[in-house]
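Following: one structure in structure tokens, then a few remarks.
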Amino acid sequence: MNVRSQISMVFHLDKCIGCHTCSIACKNIWTDRKGTEYMWWNNVETKPGTGFPTKWEDQGKYRGGWELKDGKVQLKSTSKAKTITNIFHNPSMPSMDDYYEPWTYKYDELLNAPEGSDQPTARPISMVTGEYINVEAGPNWDDDLGGSPVYAENDPNLQGLTEEQRMQLSAIERLVFFYFPRICNHCLNPSCVAACPSGALYKRGEDGIVLIDQKRCRGWRACVAACPYKKTFYNWSTGKSEKCILCYPRLETGQAPACFHSCVGRIRYLGVLLYDADRIEEVAKLPDDQLIDGHRSIVLNPHDPNVIAAARQNGIHDSVIESAQASPVYKFVKDWKIALPPHIEFRTMPMLYYVPPMSPVMSNRNDDTVSSVSDEFFHDIEQARVPMQFLANLFGAGHQGKVIYALKKQKAVRTYRRAVTVGDITMDVAERMLREADCTVEQAEVIYQLTSLCTFEDRFVIPPMHREEAIEMMRDPAEHKSSVGFGFTESPERGL
Amino acid sequence: MISTGPFFLDQIFFIVFPYVAVIIFLLVSIRRYRTEAFTFSSLSSQFLENQHHFWGLVPFHFGIITVLAGHLIAFLIPREVLAWNSHPLRLYILEGSAFVAALLTMVGLVSIITRRLTDPKVKKVTSWADWIVFASFVIQILSGLYVAVFHSWGSSWFASLATPYLWSLVTLNPDIKFVTAMPWMVKLHIVSAWLMIAFAPFTRLVHILVVPNPYLWRKPQVVRWYAAWKSLRKV
Ligand code: HEM
Ligand code: SF4
Ligand code: SF4
């Protein structure tokens, strides 16, 4: 057992209101520089929809992630030999057209317009060329199903759905959608890291955050092609790739990442998971239908004395182990099994998990009112308005079992709470449902607490990262007392 | 070493230039790597324009790398090259492939230049230094092609004339008698090469110095530990 610690995340999709506050918080802090305008390290997609960049989930097009070939996990986008031949022109590289051309408006035309009989307008100009442009697409152009025939109907997750199920998704008055906020998953088997010809990407040993060394990056762009979630981005101005840094400067000072901190729906949870690094390769090789179980089994129980001993032996600080024991992510992923990794079939082993959305599944139209109660236990889950296969393609590698389990448990908890507070369902029925959903009353209470009444401290259990010690190991702070600083002191500007 | 007289200019071009160029190249590259590591990048523009890109960058690189490798081989193992060329058929094969590689480079270069002139986004990320680089490549490749056509069997005479000249520079005992008699186009080719070497470390050409070699033998995953950096402190 080779125990490592990983800062992991859960997004509870039922609570996301699609407000994009998270994206804006991130943009304001990290990506408002030249060359990064088009990047959205955090973005929120409407599902069904084609997402950002367009159809990122379609690996036939983008060739991201890993594939099983001759019993080996191999990068889809590249290999050692292909790196040499493809380095001058990467055939799997998305271009700006797959994202969008960022723009702003000529506000001075508005403010300085001469007096006249017509309204002055501020015309859009490209943030790349500075010329006037016709805005044709944006990062969330399909928000709330806008332009469904172009976007929603081309969602790659619709694969394997019958014509009837597809119709169900888009039929008027039955139409349904949910939001899918995304950041880098800080994967255990990151394909971005594996693809980099210069070894510029790395996973931090202490906390698992995946970063790009800006001094080592040479702009070969292999990571952009290799990440199946398209969460590394190429900065066209500096000639370096960039990605979500999980706000490590905030985490190191005990604050939640900006998108977590600002989340209006309070959908985001963050905490440590301990895992067995020796088993990553073995799990990444499992067949699709065993991937979720395998991924779960690699996460270790932080209360187990053997795990604790092995963790200590690996130099994991006691305070981090304690933090792992209090981790909300552990509860969602291991105890309750209601949080699932997105597209585990890409085999990068993402460490951001999603609680699949219940509301769009449950709501029924009875005449003119939308109701969330039905007399039949779990009947409506199978009859769901979001066809179950769609959710299974997103969160179950195409297999419905784990998704149905997670939805059933959520529904049972809701029914149970309804029995407690409203009382129009008897406790008998509620408890029977809980039993069938593999849930106890105690567990239901905790799920309810952590879902509905959670405080800041419940949602974000941030381990002390002991960076002060790490830095003191490298540099003596006293040596730098009157200097202008140390570390990265170059200005991050493009060379000639 | 340097004397005034009929060959004064030749001495400047073929003795002073090479040493100055190599010294500038080394000093500037090292200084840039140590103080401005951030500026070492291929400065790729594929993200901004993805179709035309292929037709420029791929032929250019395959071409230029082959051509440079050819120069290097003739410099390192001239005897073997001459022995190979002793059969006419083998000589034709070598000359033919070198010429094709040079043509490929030229085609790629023309494509690169038109792309930089016509695509509005790519134009935006083109600097004045890029234009100097492209212009010097045009001079270099055109002069190279001219020499290949009008002063044929360069693969042989390079090995018996240019190689001794280059080695005389390396051994700090410059002897320019090999080059002074050469046609002026060959001289141009050599002088502009020294100029390019001197200018290269200021430009995007530094990407050649950071070709990704560790990838071929490293493990797929990279993990960095702060604890492991303890050893750095001692340095
Ligand atoms: C030896 C390995 C080399 C590698 C791996 C390499 C790689 C690259 C890459 C990735 C780019 C950026 C292409 C893009 O826009 O996406 C580039 C551009 C360029 N390379 Fe190289 N290169 C190599 C050697 C050379 C050599 C030997 C030369 C010339 C002496 C050269 C000259 C150039 C030039 C002029 C450009 C700019 C072209 C443009 O974008 O307009 N490269 N190289
Ligand atoms: S999602 Fe995974 S593969 Fe993509 S950038 Fe993040 S760590 Fe790398
Ligand atoms: S801030 Fe929270 S609720 Fe709003 S879109 Fe982002 S994830 Fe959803």
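The way I read the labels, and the way they are meant: chains A, B, ... in the order of the structure tokens, residue 1 as the first residue of every chain, and ligand 1 as the first ligand shown, with later ones counted on from there.
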Find the residues of chain A in contact range of chain B, meaning any atom within 7 Å when counting only C-alpha atoms, and list them as a PDB file with N, CA and C atoms, in the first residue's frame.
ATOM      1  N   LYS A  80       4.923   7.631 -27.778  1.00  0.00           N
ATOM      2  CA  LYS A  80       6.294   8.150 -27.852  1.00  0.00           C
ATOM      3  C   LYS A  80       6.699   8.399 -29.301  1.00  0.00           C
ATOM      4  N   PHE A  88       5.263  19.038 -34.777  1.00  0.00           N
ATOM      5  CA  PHE A  88       5.205  20.297 -35.533  1.00  0.00           C
ATOM      6  C   PHE A  88       3.780  20.720 -35.806  1.00  0.00           C
ATOM      7  N   HIS A  89       2.916  19.749 -35.962  1.00  0.00           N
ATOM      8  CA  HIS A  89       1.498  20.039 -36.185  1.00  0.00           C
ATOM      9  C   HIS A  89       0.737  18.931 -35.477  1.00  0.00           C
ATOM     10  N   PRO A  94      -7.346  21.041 -30.719  1.00  0.00           N
ATOM     11  CA  PRO A  94      -8.487  21.902 -31.053  1.00  0.00           C
ATOM     12  C   PRO A  94      -7.995  23.305 -31.382  1.00  0.00           C
ATOM     13  N   SER A  95      -8.772  24.046 -32.147  1.00  0.00           N
ATOM     14  CA  SER A  95      -8.369  25.416 -32.439  1.00  0.00           C
ATOM     15  C   SER A  95      -9.400  26.371 -31.849  1.00  0.00           C
ATOM     16  N   MET A  96      -9.108  27.654 -31.958  1.00  0.00           N
ATOM     17  CA  MET A  96      -9.989  28.649 -31.349  1.00  0.00           C
ATOM     18  C   MET A  96     -11.434  28.512 -31.833  1.00  0.00           C
ATOM     19  N   VAL A 128      -8.683  39.238 -29.954  1.00  0.00           N
ATOM     20  CA  VAL A 128      -7.427  38.754 -30.519  1.00  0.00           C
ATOM     21  C   VAL A 128      -6.892  39.786 -31.502  1.00  0.00           C
ATOM     22  N   THR A 129      -7.727  40.167 -32.483  1.00  0.00           N
ATOM     23  CA  THR A 129      -7.233  41.047 -33.533  1.00  0.00           C
ATOM     24  C   THR A 129      -7.565  42.511 -33.285  1.00  0.00           C
ATOM     25  N   VAL A 193      -0.713  15.038 -18.069  1.00  0.00           N
ATOM     26  CA  VAL A 193       0.653  14.896 -17.557  1.00  0.00           C
ATOM     27  C   VAL A 193       1.419  13.892 -18.410  1.00  0.00           C
ATOM     28  N   ALA A 194       0.745  12.784 -18.707  1.00  0.00           N
ATOM     29  CA  ALA A 194       1.424  11.706 -19.425  1.00  0.00           C
ATOM     30  C   ALA A 194       1.825  12.129 -20.835  1.00  0.00           C
ATOM     31  N   PRO A 197       5.509  16.363 -23.735  1.00  0.00           N
ATOM     32  CA  PRO A 197       6.841  15.983 -24.201  1.00  0.00           C
ATOM     33  C   PRO A 197       7.951  16.556 -23.324  1.00  0.00           C
ATOM     34  N   SER A 198       7.691  17.674 -22.655  1.00  0.00           N
ATOM     35  CA  SER A 198       8.739  18.297 -21.860  1.00  0.00           C
ATOM     36  C   SER A 198       8.664  17.952 -20.381  1.00  0.00           C
ATOM     37  N   GLY A 199       7.683  17.162 -19.999  1.00  0.00           N
ATOM     38  CA  GLY A 199       7.530  16.847 -18.577  1.00  0.00           C
ATOM     39  C   GLY A 199       7.217  18.079 -17.756  1.00  0.00           C
ATOM     40  N   TYR A 202       2.813  18.241 -13.861  1.00  0.00           N
ATOM     41  CA  TYR A 202       3.086  17.325 -12.771  1.00  0.00           C
ATOM     42  C   TYR A 202       1.955  17.350 -11.774  1.00  0.00           C
ATOM     43  N   LYS A 203       1.917  16.284 -10.981  1.00  0.00           N
ATOM     44  CA  LYS A 203       0.957  16.192  -9.907  1.00  0.00           C
ATOM     45  C   LYS A 203       1.717  16.476  -8.635  1.00  0.00           C
ATOM     46  N   ARG A 204       1.187  17.353  -7.799  1.00  0.00           N
ATOM     47  CA  ARG A 204       1.897  17.635  -6.550  1.00  0.00           C
ATOM     48  C   ARG A 204       1.754  16.421  -5.635  1.00  0.00           C
ATOM     49  N   GLY A 205       2.864  15.919  -5.164  1.00  0.00           N
ATOM     50  CA  GLY A 205       2.841  14.724  -4.339  1.00  0.00           C
ATOM     51  C   GLY A 205       2.000  14.883  -3.095  1.00  0.00           C
ATOM     52  N   GLU A 206       2.072  16.028  -2.442  1.00  0.00           N
ATOM     53  CA  GLU A 206       1.434  16.212  -1.148  1.00  0.00           C
ATOM     54  C   GLU A 206      -0.084  16.314  -1.219  1.00  0.00           C
ATOM     55  N   GLN A 214       5.336  26.628 -15.639  1.00  0.00           N
ATOM     56  CA  GLN A 214       5.362  27.630 -16.703  1.00  0.00           C
ATOM     57  C   GLN A 214       6.761  27.856 -17.261  1.00  0.00           C
ATOM     58  N   LYS A 215       7.774  27.451 -16.501  1.00  0.00           N
ATOM     59  CA  LYS A 215       9.121  27.600 -17.033  1.00  0.00           C
ATOM     60  C   LYS A 215       9.525  26.412 -17.887  1.00  0.00           C
ATOM     61  N   ARG A 218       6.870  24.323 -23.120  1.00  0.00           N
ATOM     62  CA  ARG A 218       7.409  24.873 -24.365  1.00  0.00           C
ATOM     63  C   ARG A 218       6.323  25.088 -25.401  1.00  0.00           C
ATOM     64  N   GLY A 219       5.091  24.945 -25.001  1.00  0.00           N
ATOM     65  CA  GLY A 219       4.002  25.174 -25.943  1.00  0.00           C
ATOM     66  C   GLY A 219       3.873  24.094 -27.001  1.00  0.00           C
ATOM     67  N   TRP A 220       4.187  22.820 -26.658  1.00  0.00           N
ATOM     68  CA  TRP A 220       3.976  21.744 -27.656  1.00  0.00           C
ATOM     69  C   TRP A 220       2.493  21.366 -27.719  1.00  0.00           C
ATOM     70  N   TRP A 236      -2.441  31.673 -26.296  1.00  0.00           N
ATOM     71  CA  TRP A 236      -1.890  31.995 -27.620  1.00  0.00           C
ATOM     72  C   TRP A 236      -0.956  33.189 -27.557  1.00  0.00           C
ATOM     73  N   GLY A 239       2.400  31.678 -25.369  1.00  0.00           N
ATOM     74  CA  GLY A 239       2.953  30.446 -25.926  1.00  0.00           C
ATOM     75  C   GLY A 239       3.134  29.367 -24.878  1.00  0.00           C
ATOM     76  N   ALA A 470       7.427  23.510   3.775  1.00  0.00           N
ATOM     77  CA  ALA A 470       7.989  23.126   2.478  1.00  0.00           C
ATOM     78  C   ALA A 470       8.906  24.226   1.956  1.00  0.00           C
ATOM     79  N   MET A 473      12.115  24.499   3.748  1.00  0.00           N
ATOM     80  CA  MET A 473      13.043  23.434   3.392  1.00  0.00           C
ATOM     81  C   MET A 473      13.959  23.885   2.267  1.00  0.00           C
ATOM     82  N   MET A 474      13.380  24.679   1.343  1.00  0.00           N
ATOM     83  CA  MET A 474      14.159  25.070   0.170  1.00  0.00           C
ATOM     84  C   MET A 474      14.947  26.351   0.400  1.00  0.00           C
ATOM     85  N   ARG A 475      14.320  27.289   1.068  1.00  0.00           N
ATOM     86  CA  ARG A 475      14.945  28.610   1.212  1.00  0.00           C
ATOM     87  C   ARG A 475      14.895  29.018   2.675  1.00  0.00           C
ATOM     88  N   GLU A 490      10.088  36.360 -12.869  1.00  0.00           N
ATOM     89  CA  GLU A 490      10.064  36.895 -14.243  1.00  0.00           C
ATOM     90  C   GLU A 490       8.676  37.429 -14.565  1.00  0.00           C
ATOM     91  N   PRO A 492       5.613  37.279 -16.851  1.00  0.00           N
ATOM     92  CA  PRO A 492       5.152  36.209 -17.741  1.00  0.00           C
ATOM     93  C   PRO A 492       4.794  36.736 -19.118  1.00  0.00           C
ATOM     94  N   ARG A 494       5.461  36.966 -23.432  1.00  0.00           N
ATOM     95  CA  ARG A 494       5.920  36.276 -24.628  1.00  0.00           C
ATOM     96  C   ARG A 494       7.311  36.751 -25.031  1.00  0.00           C
ATOM     97  N   GLY A 495       8.170  35.804 -25.415  1.00  0.00           N
ATOM     98  CA  GLY A 495       9.483  36.174 -25.923  1.00  0.00           C
ATOM     99  C   GLY A 495       9.396  36.516 -27.396  1.00  0.00           C
ATOM    100  N   LEU A 496      10.503  36.974 -27.966  1.00  0.00           N
ATOM    101  CA  LEU A 496      10.482  37.316 -29.393  1.00  0.00           C
ATOM    102  C   LEU A 496      10.433  36.045 -30.230  1.00  0.00           C
TER     103      LEU A 496
END
Selection within 8 Å of ligand 2 by only C-alpha atoms and all ligand atoms, output as number ranges by chain: A: 65, 183-193, 209-210, 223-224, 226-232, 243-244, 348-350
Environment of ligand 3 within 9 Å, counting only C-alpha atoms and all ligand atoms, reported as an MDAnalysis selection string: chainID A and resid 11:13 15:25 42:45 179:182 259:268
Separation of atom 28 (C, counted along the ligand's line) of ligand 1 from CA of Val170 in chain B in Å: 22.8 Å
Exercise: range 135-148 of chain A partners within 9 Å, only C-alpha atoms, chain neighbours under 4 positions left out, as a PyMOL selection string: chain A and resi 18+38-40+43-54+99-103+124-126+152-154+170+176-179
All residues 6 Å or closer to Gly271 in chain A, only C-alpha atoms, same chain fewer than 6 positions away omitted, as a list of chain:residue names: A:Ile7, A:Ser8, A:Ser327, A:Val329, A:Val461, A:Ile462
Next, the residues of the selection above should be written as a PDB file, in the first residue's frame with C-alpha atoms.
ATOM      1  CA  ILE A   7      -7.677  17.114  -2.467  1.00  0.00           C
ATOM      2  CA  SER A   8     -10.929  15.892  -3.970  1.00  0.00           C
ATOM      3  CA  SER A 327     -13.801  14.823   4.560  1.00  0.00           C
ATOM      4  CA  VAL A 329     -16.050  13.898  -0.142  1.00  0.00           C
ATOM      5  CA  VAL A 461     -12.611  20.606   4.995  1.00  0.00           C
ATOM      6  CA  ILE A 462      -9.263  21.988   3.915  1.00  0.00           C
TER       7      ILE A 462
END
Point-to-point distance from atom 4 (C, counted along the ligand's line) of ligand 1 to CA of Met93 in chain A, Å rounded to tenths: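 Pair atom 4 (C, counted along the ligand's line) of ligand 1 / CA of Met93 in chain A returns 16.5 Å.
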Best match for closeness to ligand 1 among B:Ser160, B:Asn85, B:Ser136, B:Gln11, counting only C-alpha atoms and all ligand atoms: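 Distance minimum relative to ligand 1 lands on B:Ser136.
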Atomic distance atom 4 (C, counted along the ligand's line) of ligand 1 - CA of Ile73 in chain B, expressed in Å with one decimal: 19.0 Å
Selection: 9 Å around range 331-345 of chain A, only C-alpha atoms, excl. self and same-chain fewer than 6 positions, as an NGL selection string: :A and (10-12 or 57 or 65-67 or 229 or 287-289 or 291-292 or 295-297 or 299-301 or 351-356 or 393-398 or 402-403 or 405-407 or 409-410 or 439 or 443 or 447)
Within 9 Å of Leu274 in chain A using only C-alpha atoms, minus same-chain residues under 4 positions, as a ChimeraX atom specification: /A:3-7,298-302,307,311,321,324
For Phe25 in chain B: contacts at 12 Å, only C-alpha atoms, fewer than 2 positions along chain excluded, given as a PyMOL selection string: chain B and resi 17-23+27-33+194-203+205-206+209
Would you mind exporting the chosen residues as a compact mmCIF listing (two decimals), in the first residue's frame, restricted to N, CA, C and O atoms?
# COMPACT_ATOMS: atom_id res chain seq x y z
N PHE B 17 33.50 36.59 -38.02
CA PHE B 17 32.08 36.27 -37.90
C PHE B 17 31.79 34.97 -37.16
O PHE B 17 31.02 34.96 -36.22
N PRO B 18 32.40 33.86 -37.57
CA PRO B 18 32.04 32.61 -36.90
C PRO B 18 32.31 32.64 -35.40
O PRO B 18 31.47 32.20 -34.62
N TYR B 19 33.47 33.17 -35.01
CA TYR B 19 33.75 33.16 -33.57
C TYR B 19 32.79 34.07 -32.82
O TYR B 19 32.24 33.69 -31.78
N VAL B 20 32.59 35.26 -33.36
CA VAL B 20 31.67 36.18 -32.69
C VAL B 20 30.27 35.55 -32.62
O VAL B 20 29.60 35.56 -31.59
N ALA B 21 29.85 34.94 -33.74
CA ALA B 21 28.52 34.35 -33.78
C ALA B 21 28.37 33.26 -32.72
O ALA B 21 27.38 33.22 -31.98
N VAL B 22 29.34 32.38 -32.65
CA VAL B 22 29.21 31.27 -31.72
C VAL B 22 29.25 31.78 -30.28
O VAL B 22 28.50 31.31 -29.41
N ILE B 23 30.10 32.78 -30.03
CA ILE B 23 30.15 33.32 -28.66
C ILE B 23 28.83 33.99 -28.29
O ILE B 23 28.26 33.73 -27.22
N LEU B 27 26.53 32.68 -25.18
CA LEU B 27 26.29 33.56 -24.03
C LEU B 27 24.82 33.94 -23.92
O LEU B 27 24.21 33.85 -22.86
N VAL B 28 24.24 34.36 -25.06
CA VAL B 28 22.86 34.83 -25.01
C VAL B 28 21.90 33.69 -24.69
O VAL B 28 20.98 33.84 -23.89
N SER B 29 22.14 32.51 -25.28
CA SER B 29 21.24 31.39 -24.99
C SER B 29 21.27 31.04 -23.51
O SER B 29 20.24 30.83 -22.88
N ILE B 30 22.48 30.97 -22.96
CA ILE B 30 22.59 30.57 -21.56
C ILE B 30 21.96 31.63 -20.66
O ILE B 30 21.18 31.33 -19.76
N ARG B 31 22.27 32.90 -20.95
CA ARG B 31 21.70 33.95 -20.12
C ARG B 31 20.17 33.93 -20.22
O ARG B 31 19.46 34.03 -19.23
N ARG B 32 19.67 33.76 -21.44
CA ARG B 32 18.22 33.76 -21.62
C ARG B 32 17.59 32.58 -20.88
O ARG B 32 16.55 32.72 -20.25
N TYR B 33 18.24 31.43 -20.95
CA TYR B 33 17.67 30.26 -20.29
C TYR B 33 17.66 30.44 -18.78
O TYR B 33 16.75 30.03 -18.08
N TRP B 194 26.37 32.30 -40.48
CA TRP B 194 26.96 32.84 -39.24
C TRP B 194 26.08 33.93 -38.64
O TRP B 194 25.88 33.99 -37.43
N LEU B 195 25.50 34.75 -39.51
CA LEU B 195 24.61 35.81 -39.00
C LEU B 195 23.40 35.20 -38.30
O LEU B 195 22.97 35.66 -37.25
N MET B 196 22.85 34.15 -38.91
CA MET B 196 21.68 33.52 -38.30
C MET B 196 22.01 32.91 -36.94
O MET B 196 21.21 32.99 -36.01
N ILE B 197 23.17 32.31 -36.85
CA ILE B 197 23.55 31.70 -35.57
C ILE B 197 23.66 32.79 -34.51
O ILE B 197 23.24 32.62 -33.37
N ALA B 198 24.19 33.95 -34.91
CA ALA B 198 24.33 35.03 -33.93
C ALA B 198 22.96 35.58 -33.51
O ALA B 198 22.75 35.95 -32.37
N PHE B 199 22.02 35.61 -34.44
CA PHE B 199 20.73 36.21 -34.14
C PHE B 199 19.76 35.24 -33.48
O PHE B 199 18.86 35.63 -32.73
N ALA B 200 19.97 33.93 -33.72
CA ALA B 200 19.03 32.90 -33.27
C ALA B 200 18.65 32.99 -31.78
O ALA B 200 17.47 32.91 -31.45
N PRO B 201 19.62 33.18 -30.87
CA PRO B 201 19.23 33.13 -29.45
C PRO B 201 18.32 34.27 -29.03
O PRO B 201 17.75 34.23 -27.96
N PHE B 202 18.18 35.30 -29.87
CA PHE B 202 17.26 36.39 -29.52
C PHE B 202 15.85 36.09 -30.01
O PHE B 202 14.92 36.83 -29.70
N THR B 203 15.68 35.05 -30.79
CA THR B 203 14.41 34.83 -31.47
C THR B 203 13.72 33.56 -31.02
O THR B 203 14.19 32.86 -30.14
N LEU B 205 13.81 30.93 -32.44
CA LEU B 205 14.57 29.74 -32.80
C LEU B 205 15.14 29.03 -31.58
O LEU B 205 15.60 27.90 -31.68
N VAL B 206 15.08 29.65 -30.41
CA VAL B 206 15.58 28.97 -29.22
C VAL B 206 14.79 27.69 -28.93
O VAL B 206 15.23 26.85 -28.15
N LEU B 209 16.64 24.49 -29.07
CA LEU B 209 17.51 24.09 -27.96
C LEU B 209 16.78 23.28 -26.90
O LEU B 209 17.40 22.63 -26.08
In chain B, DSSP helix (DSSP H, G or I) residues written as a PyMOL selection string: chain B and resi 8-35+37-39+52-76+78-85+88-118+120-124+128-150+154-170+177-180+184-202+204-210+214-216+227-234
